[in-house]
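I have placed the structure first, in the form of structure tokens, so that the comments after it can refer back to it.
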Amino acid sequence: MNICFYFKKITLLGAIPMLLAGCQQQQSGGVNPQSMADAIHTVIQSDRTAYTKLIVNRLAFDEKVIKVSEHWQDDKALVLPAQMFRAGAEIAAESQNKFSYSLLSEWPLNKQNAAKTEIEKQGLKQVGETATNFYAEEKLGDKHFFTAVYPDVAVAEACVQCHNKYPDTPKKDFKLGDVMGGVVVRIPLD
Amino acid sequence: MLHKMLSYRFLGPILLIIVLGYFVAEMLGFGFRQPVFLPGKTSSAHHQIEIACDVCHTPLGGVKQEACLDCHKDALKADSDSHAIKVFNDPRSYALLAQIDAKKCVTCHAEHIADKTGNKVASVPDDFCYACHKEITTERASHKDFSMDGCTASGCHNYHDNQALYENFIAQHLNEANTLALPRVPARNMADIHRQQATPPLKTLIGTDHDGISSANDAGIVQDWAASGHAHSGVNCSDCHSLTKSGAVAKEWTNKPDIAVCENCHKKETKGFLNGKHGMRLAVNLSPMTPEMARIPMKDNAHNKELNCNSCHSPHRSDTKEVAVEACLTCHDDSHSKAYINSPHHQLWKKEITGELPVGSGVSCATCHLPRLPEKEHGLESILVMHNQNMNLRPNSKMIRSVCMNCHGLGFSLDALADPALMINNYSTLPSKKINTLNMIQGRKIMKKQSSSDDLK
């Protein structure tokens with residue numbers, strides 16, 4: 001089971017460099033931005049789900065052997081899944097500029113994770129209402145981007161409980177399986 | 001072709017004019033590098049290295065971000081930087097960056113620009129937070145009456161380091177006493193860890209074990225060394241005074257080992273020293289800092305002392321008590337330093353020295369400015385002296401956790417650090433007013449409790 005899981009993960013991670021190479025050839029019939037965004041999202045979402053279920057939900061909620069905390073350094077605890085997501089996105093953005101990703105929501109606990117651009121607003125609205133992927137192009141500053149927004153679903157009880165109970169939460173009635181926000185993947189087109 | 005020939009023809013005279021201009025400028029006392037290329041006064045500490053333009057400037061490339069990080073990245077990491085550059089790499093930050101380019105240190109820390117660089121740490125207007133956080137006065141009822149130029153007031157927020165100023169931390173430290181029940185400075189433990197981990201086990205050396213050359217066999221030196229931590233940890237004369245031990249000792253003996261010798265064993269301390277105000281000139285291959293170069297008042301008779309490890313640490317006596325006060329006051333002569341002698345902190349220090357109070361009860365200059373910080377690696381916690389005083393100097397809220405809270409409650413620490421009069425009198429009187437931060441967090445705590453009990457109804 002575990003071997004199978006890690007094999008899948010390695011395969012998915014291995015797909016990224018190939019897709020990056022492919023994207024450079026898009027004008028000559030290579031991988032198009034949407035396929036690349038979809039593949040990147042598959043890796044992101046798989047890792048996110050694995051961390052949430054296998055680490056946070058299992059150890060902090062079921063086994064109760066370690067805490068999960070927003071202030072993980074001071075509390076010597078696991079990082080929240082959203083913080084894990086953000087840490088990965090920041091590392092990826094430090095090492096390359098061929099794509100970027102972020103986790104946003106119409107009901108963000110951290111206000112910096114609310115939609116900022118018009119496309120983000122439209123995308124979050126669509127994934128929230130229909131749970132379907134949203135694709136568009138947008139211009140940020142003087143650069144053009146292909147922007148994809150994917151539904152981010154509550155995959156474990158931990159997601160629901162924390163978001164509903166957080167002191168400043170704008171929404172307190174999430175249920176397992178609800179769309180809680182959107183994963184935004186951006187690919188520069190210039 | 002003619003164009004090329006003309007270029008070559010004029011190249012020589014142009015170069016000659018530049019070279020002659022340089023010497024004329026130097027002779028007239030302008031200094032080629034300074035008034036010409038330093039339009040404004042450099043900021044605190046950077047003035048020490050202003051002559052070394054290339055430390056910050058890349059020829060024809062301006063000031064690269066890496067130049068700032070070469071010296072300051074450890075401090076930013078230790079601060080758990082609230083506005084780390086990596087946060088702004090996402091293209092969705094473009095609109096914010098268009099207002100204030102938070103990816104570059106020089107945006108807020110303009111250097112030697114006449115109408116910008118001043119005594120304050122940042123060179124931007126006090127309400128710079130407004131560019132990205134304007135919604136806070138409407139989103140948080142508690143902030144509705146606040147002015148945006150007060151965000152970074154002492155006890156409120158800090159752009160980089162909020163480790164002592166975030167809500168949960170403050171909530172855990174409400175209602176603490178002004179002075180804690182057991183006020184103690186953490187004990188250093190690196191020598192113990194070194195002894196425990198050494199293989200083969202270290203042998204404590206005694207006076208007759210010394211391997212110094214005969215001309216250096218000064219009885220006083222040997223006596224001091226034998227009583228030092230170095231002898232206790234098996235460090236012999238040749239370990240510092242010669243590059244190799246035994247046999248080659250006499251040939252390679254040096255009377256004044258340089259900083260690299262100290263660094264062999266004290267890597268982190270040396271790194272801190274070189275990154276701090278005392279060693280930053282050495283770090284960029286300039287002559288050592290001297291008190292004469294300082295902008296703050298220094299004692300007249302200390303002006304020409306050169307700063308290296310031995311300026312504060314007697315070479316053979318590892319008496320850190322002497323280092324922690326006397327060494328500082330040999331040079332420093334500002335009102336804060338002069339007020340220390342009559343401060344309550346110094347009274348505690350004197351009592352610790354005489355044994356009236358337990359070890360760790362006293363407060364020396366080093367207690368606050370070269371604090372003992374915990375560091376955990378491989379499950380082992382070591383307590384090291386941070387030799388880079390910038391790490392907890394400005395803004396002084398950086399001292400809250402690393403220094404003040406060893407002995408004082410959070411509320412008292414915030415009040416004291418926010419009082420400018422106390423900075424001058426070396427914390428000899430009680431804070432004149434209370435900072436509202438703790439009350440605000442208390443209010444939030446009540447509000448949250450109320451809100452969760454409403455949910456249960």
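Chain labels A, B, ... are given in the sequence in which chains occur in the structure tokens; within each chain residues are numbered consecutively from 1, and ligands are likewise numbered from 1 in the order shown.
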Exercise for review: Name all residues at most 8 Å from Asn304 (chain B) (count only C-alpha atoms; drop same-chain ones fewer than 3 positions away) and give them as JSON, numbers by chain.
Suggested key: {"B": [290, 291, 292, 301]}
Requested write-out: C-alpha atoms of the selected residues, as a PDB file, in the first residue's frame:
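The resulting file, out_13.pdb, is shown below:
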```
ATOM      1  CA  THR B 290      38.261  51.438  16.790  1.00  0.00           C
ATOM      2  CA  PRO B 291      36.173  53.476  19.255  1.00  0.00           C
ATOM      3  CA  GLU B 292      37.403  56.591  17.471  1.00  0.00           C
ATOM      4  CA  ASN B 301      41.591  57.083  26.378  1.00  0.00           C
TER       5      ASN B 301
END
```
Exercise for review: Write down as a PyMOL selection string the residues belonging to region 104-187 of chain B that are assigned helix (DSSP H, G or I) by DSSP computed on the backbone.
Suggested key: chain B and resi 105-108+130-133+136-139+141-143+148-150+167-172
Export C-alpha atoms of the chosen residues as a CSV table (one decimal), in the first residue's frame?
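Contents of again-v9.csv, freshly written:
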```
chain,number,residue,atom,x,y,z
B,105,CYS,CA,15.6,45.9,1.4
B,106,VAL,CA,16.6,49.3,0.0
B,107,THR,CA,12.9,50.2,-0.5
B,108,CYS,CA,12.6,50.8,3.2
B,130,TYR,CA,-1.2,51.6,4.8
B,131,ALA,CA,-0.1,50.5,1.3
B,132,CYS,CA,-1.1,46.9,2.0
B,133,HIS,CA,-3.1,46.8,5.2
B,136,ILE,CA,-7.3,46.9,9.2
B,137,THR,CA,-9.1,49.9,10.7
B,138,THR,CA,-12.4,48.7,9.3
B,139,GLU,CA,-11.9,44.9,9.8
B,141,ALA,CA,-13.1,47.0,15.7
B,142,SER,CA,-10.2,47.4,18.2
B,143,HIS,CA,-8.2,49.2,15.6
B,148,MET,CA,-1.8,54.2,10.3
B,149,ASP,CA,1.4,56.0,11.3
B,150,GLY,CA,1.3,54.2,14.7
B,167,GLU,CA,-1.8,37.4,19.5
B,168,ASN,CA,-1.4,33.9,20.9
B,169,PHE,CA,2.0,34.6,22.5
B,170,ILE,CA,0.6,37.7,24.2
B,171,ALA,CA,-2.5,35.8,25.3
B,172,GLN,CA,-0.2,33.2,27.0
```
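Ranking A:Glu90, A:Asp142, A:Glu129, A:Glu157 by their shortest atom-to-atom distance to chain B, with only C-alpha atoms included, puts A:Glu90 first.
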Review point. Counting only C-alpha atoms, which residues from chain B have an atom at most 7 Å from any atom of chain A, and could you show them as a list in words?
Key: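 Therefore, the residues near the partner are Lys86, Val87, Asn89, Asp90, Tyr94 and Lys448 of chain B.
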Review point. Do you know which residues are at most 12 Å from Thr132 (chain A) counting only C-alpha atoms, after dropping those on the same chain fewer than 4 positions away, and could you put them as an MDAnalysis selection string?
Key: chainID A and resid 123:128 148:153 179 181:183
Take the residues from that selection and put them in a file with C-alpha atoms, as an mmCIF file, in the first residue's frame.
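Written output follows (again-v4.cif):
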```
data_model
loop_
_atom_site.group_PDB
_atom_site.id
_atom_site.type_symbol
_atom_site.label_atom_id
_atom_site.label_comp_id
_atom_site.auth_asym_id
_atom_site.auth_seq_id
_atom_site.Cartn_x
_atom_site.Cartn_y
_atom_site.Cartn_z
ATOM 1 C CA GLY A 123 -12.628 31.404 -10.316
ATOM 2 C CA LEU A 124 -13.390 31.053 -6.615
ATOM 3 C CA LYS A 125 -17.053 31.794 -7.269
ATOM 4 C CA GLN A 126 -17.244 29.083 -9.935
ATOM 5 C CA VAL A 127 -15.420 26.374 -7.987
ATOM 6 C CA GLY A 128 -17.520 27.206 -4.916
ATOM 7 C CA ALA A 148 -6.449 27.892 -13.462
ATOM 8 C CA VAL A 149 -8.558 27.609 -10.303
ATOM 9 C CA TYR A 150 -9.364 24.151 -8.922
ATOM 10 C CA PRO A 151 -11.848 23.326 -6.160
ATOM 11 C CA ASP A 152 -10.205 22.643 -2.798
ATOM 12 C CA VAL A 153 -12.364 20.152 -0.952
ATOM 13 C CA VAL A 179 -15.485 23.137 -1.393
ATOM 14 C CA GLY A 181 -11.597 27.336 -1.409
ATOM 15 C CA GLY A 182 -9.575 27.065 -4.585
ATOM 16 C CA VAL A 183 -6.062 26.114 -5.640
#
```
**Study point:** From A:Thr49, A:Gln96, A:Ile119, A:Pro170, residue lying nearest Thr147 (chain A) [only C-alpha atoms]
**Key:**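 Closest residue, counting only C-alpha atoms: A:Ile119.
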